[in-house]
Amino acid sequence: MLDEILANNARFLQQQTLSPIGHAPRKHTALITCMDCRLVTMFEEALGLQRGEVLELRTAGATISEPDRPQAANDLIRSLAGGIYLLGVRKVLVIGHTECGLGHVNSTALTASMQALGVDPQKLIQQEGLGDINGLMRWLGAFQDVHVNVKEVVNTIRTSPFLPRIPVHGLVIDINTGKLTVVDRDAREASIA
Ligand SMILES: [Zn+2]
């Protein structure tokens, strides 16, 4: 895969010259979405996004996992703080997606996969004080309903002491069609711009 990427890169450099642009997003917007491979390219096309317009932050599940929510100081919040205070971001969109892997985590499959790769889930749970398999699932960011989860992440961002009170909207994108559904429109901004 690495050699394939390097070959693609050599071709890219021959064919294209990128125009220099600034690192502050022109739309003053940060988008949080999932790492799902089906979102690659499709996500930007479905939202009509161009290079230089927005910040894109991706986490597994477009989520802040439950143990990190009370302090709201995890790496995603840190990235948003950088975007807001240093790069002029003034609105945030949290965009989960249908058929998300973290919405369908099977604890048996998870522990079997860990064991096959030489990690003892029980030892890890004990060592890290996670309580039980559900604690491990919460650490991983597993959730039941993507719509509910997006709302919870939106609220975590809205109430984080590290961030100012700017509009934070919640949406879900259909992974098969690219259709967006608004699940939480922030009243502080009349329309999503
Ligand atoms: Zn996902």
# chains A, B, ... in the order shown; residues from 1 in each chain; ligands from 1
>>> closest_atom_pairs(of="chain A", to="ligand 1", cutoff="8 Å", atoms="only C-alpha atoms and all ligand atoms", output="JSON lines")
{"residue": "A:Thr33", "atom": "CA", "partner": "ligand 1", "partner_atom_place_in_ligand_line": "1 (Zn)", "distance": 7.9}
{"residue": "A:Cys34", "atom": "CA", "partner": "ligand 1", "partner_atom_place_in_ligand_line": "1 (Zn)", "distance": 4.7}
{"residue": "A:Met35", "atom": "CA", "partner": "ligand 1", "partner_atom_place_in_ligand_line": "1 (Zn)", "distance": 6.0}
{"residue": "A:Asp36", "atom": "CA", "partner": "ligand 1", "partner_atom_place_in_ligand_line": "1 (Zn)", "distance": 4.8}
{"residue": "A:Ala60", "atom": "CA", "partner": "ligand 1", "partner_atom_place_in_ligand_line": "1 (Zn)", "distance": 5.9}
{"residue": "A:Gly61", "atom": "CA", "partner": "ligand 1", "partner_atom_place_in_ligand_line": "1 (Zn)", "distance": 4.3}
{"residue": "A:Ala62", "atom": "CA", "partner": "ligand 1", "partner_atom_place_in_ligand_line": "1 (Zn)", "distance": 6.7}
{"residue": "A:Gly96", "atom": "CA", "partner": "ligand 1", "partner_atom_place_in_ligand_line": "1 (Zn)", "distance": 6.9}
{"residue": "A:His97", "atom": "CA", "partner": "ligand 1", "partner_atom_place_in_ligand_line": "1 (Zn)", "distance": 6.1}
{"residue": "A:Thr98", "atom": "CA", "partner": "ligand 1", "partner_atom_place_in_ligand_line": "1 (Zn)", "distance": 7.6}
{"residue": "A:Glu99", "atom": "CA", "partner": "ligand 1", "partner_atom_place_in_ligand_line": "1 (Zn)", "distance": 7.1}
{"residue": "A:Cys100", "atom": "CA", "partner": "ligand 1", "partner_atom_place_in_ligand_line": "1 (Zn)", "distance": 3.7}
{"residue": "A:Gly101", "atom": "CA", "partner": "ligand 1", "partner_atom_place_in_ligand_line": "1 (Zn)", "distance": 5.1}
{"residue": "A:Leu102", "atom": "CA", "partner": "ligand 1", "partner_atom_place_in_ligand_line": "1 (Zn)", "distance": 6.1}
{"residue": "A:Gly103", "atom": "CA", "partner": "ligand 1", "partner_atom_place_in_ligand_line": "1 (Zn)", "distance": 7.7}
>>> write_last_selection(atoms="C-alpha atoms", output="short mmCIF file (atom, residue, chain, number, x, y, z; two decimals), in the first residue's frame")
data_model
loop_
_atom_site.label_atom_id
_atom_site.label_comp_id
_atom_site.auth_asym_id
_atom_site.auth_seq_id
_atom_site.Cartn_x
_atom_site.Cartn_y
_atom_site.Cartn_z
CA THR A 33 -17.36 13.37 11.23
CA CYS A 34 -16.40 9.70 11.35
CA MET A 35 -13.34 7.90 10.00
CA ASP A 36 -15.54 5.52 7.94
CA ALA A 60 -14.23 6.87 15.17
CA GLY A 61 -18.00 7.41 15.35
CA ALA A 62 -17.76 11.23 15.04
CA GLY A 96 -22.59 11.22 12.34
CA HIS A 97 -23.61 8.65 9.74
CA THR A 98 -25.96 5.71 9.29
CA GLU A 99 -24.54 2.18 9.58
CA CYS A 100 -21.68 3.47 11.75
CA GLY A 101 -19.36 0.74 13.01
CA LEU A 102 -19.48 2.17 16.53
CA GLY A 103 -23.27 1.91 16.50
#
>>> residues_around(residues="segment 38-47 of chain A", least_positions_apart="6", cutoff="9 Å", atoms="only C-alpha atoms", output="list in words")
Ile173, Ile175, Asn176, Thr177, Gly178, Lys179 and Leu180 of chain A
>>> write_last_selection(atoms="N, CA and C atoms", output="PDB file, in the first residue's frame")
ATOM      1  N   ILE A 173     -25.543  11.842   8.217  1.00  0.00           N
ATOM      2  CA  ILE A 173     -25.476  11.637   6.764  1.00  0.00           C
ATOM      3  C   ILE A 173     -25.750  10.164   6.454  1.00  0.00           C
ATOM      4  N   ILE A 175     -25.046   7.002   4.711  1.00  0.00           N
ATOM      5  CA  ILE A 175     -23.780   6.517   4.141  1.00  0.00           C
ATOM      6  C   ILE A 175     -23.964   5.968   2.717  1.00  0.00           C
ATOM      7  N   ASN A 176     -25.184   5.608   2.374  1.00  0.00           N
ATOM      8  CA  ASN A 176     -25.425   5.032   1.047  1.00  0.00           C
ATOM      9  C   ASN A 176     -25.836   6.051   0.002  1.00  0.00           C
ATOM     10  N   THR A 177     -26.536   7.118   0.445  1.00  0.00           N
ATOM     11  CA  THR A 177     -27.014   8.100  -0.532  1.00  0.00           C
ATOM     12  C   THR A 177     -26.328   9.458  -0.403  1.00  0.00           C
ATOM     13  N   GLY A 178     -25.740   9.723   0.777  1.00  0.00           N
ATOM     14  CA  GLY A 178     -25.141  11.038   1.019  1.00  0.00           C
ATOM     15  C   GLY A 178     -26.144  12.071   1.524  1.00  0.00           C
ATOM     16  N   LYS A 179     -27.404  11.662   1.754  1.00  0.00           N
ATOM     17  CA  LYS A 179     -28.432  12.604   2.218  1.00  0.00           C
ATOM     18  C   LYS A 179     -28.200  13.012   3.666  1.00  0.00           C
ATOM     19  N   LEU A 180     -28.253  14.341   3.899  1.00  0.00           N
ATOM     20  CA  LEU A 180     -28.078  14.872   5.254  1.00  0.00           C
ATOM     21  C   LEU A 180     -29.420  15.066   5.934  1.00  0.00           C
TER      22      LEU A 180
END
>>> select_by_dssp(residues="chain A", states="helix (DSSP H, G or I)", output="number ranges by chain")
A: 2-15, 37-39, 42-47, 60-62, 66-68, 75-87, 101-103, 107-116, 121-127, 133-140, 146-158
>>> residues_around(residues="segment 66-69 of chain A", least_positions_apart="4", cutoff="8 Å", atoms="only C-alpha atoms", output="PDB file with C-alpha atoms, in the first residue's frame")
ATOM      1  CA  ALA A  73     -11.319  18.386  27.414  1.00  0.00           C
ATOM      2  CA  ASN A  74     -10.326  15.554  25.116  1.00  0.00           C
ATOM      3  CA  ARG A 138     -17.801   3.040  26.482  1.00  0.00           C
ATOM      4  CA  TRP A 139     -14.063   3.795  26.278  1.00  0.00           C
ATOM      5  CA  GLY A 141     -17.059   5.156  22.025  1.00  0.00           C
ATOM      6  CA  THR A 156     -20.759  18.193  25.130  1.00  0.00           C
TER       7      THR A 156
END
>>> select_by_dssp(residues="segment 129-173 of chain A", states="strand (DSSP E)", output="list in words")
Val168, His169, Gly170, Leu171, Val172 and Ile173 of chain A
>>> closest_residue(among="A:Leu87, A:Val105, A:Ile77, A:Ala30", to="Gln144 of chain A", atoms="only C-alpha atoms")
A:Val105
>>> residues_around(residues="segment 122-127 of chain A", least_positions_apart="6", cutoff="12 Å", atoms="only C-alpha atoms", output="ChimeraX atom specification")
/A:110-112,114-115,133-140
>>> residues_around(residues="Ile21 of chain A", least_positions_apart="4", cutoff="10 Å", atoms="only C-alpha atoms", output="VMD selection string")
chain A and resid 25 to 26 51 to 52
>>> closest_residue(among="A:Asp145, A:Glu56, A:Ser113, A:Asp184", to="Gly83 of chain A", atoms="only C-alpha atoms")
A:Glu56
>>> atom_distance(atom1="atom CA of Thr29 of chain A", atom2="atom CA of Arg90 of chain A")
6.0 Å
>>> atom_distance(atom1="atom CA of Ala72 of chain A", atom2="atom CA of Val182 of chain A")
23.0 Å
>>> residues_around(residues="Val153 of chain A", least_positions_apart="3", cutoff="8 Å", atoms="only C-alpha atoms", output="JSON, numbers by chain")
{"A": [63, 64, 94, 149, 150, 156, 157]}
>>> atom_distance(atom1="atom CA of Pro70 of chain A", atom2="atom CA of Thr159 of chain A")
9.7 Å
>>> closest_residue(among="A:Leu76, A:Leu2, A:Leu55, A:Val183", to="Lys91 of chain A", atoms="only C-alpha atoms")
A:Leu55
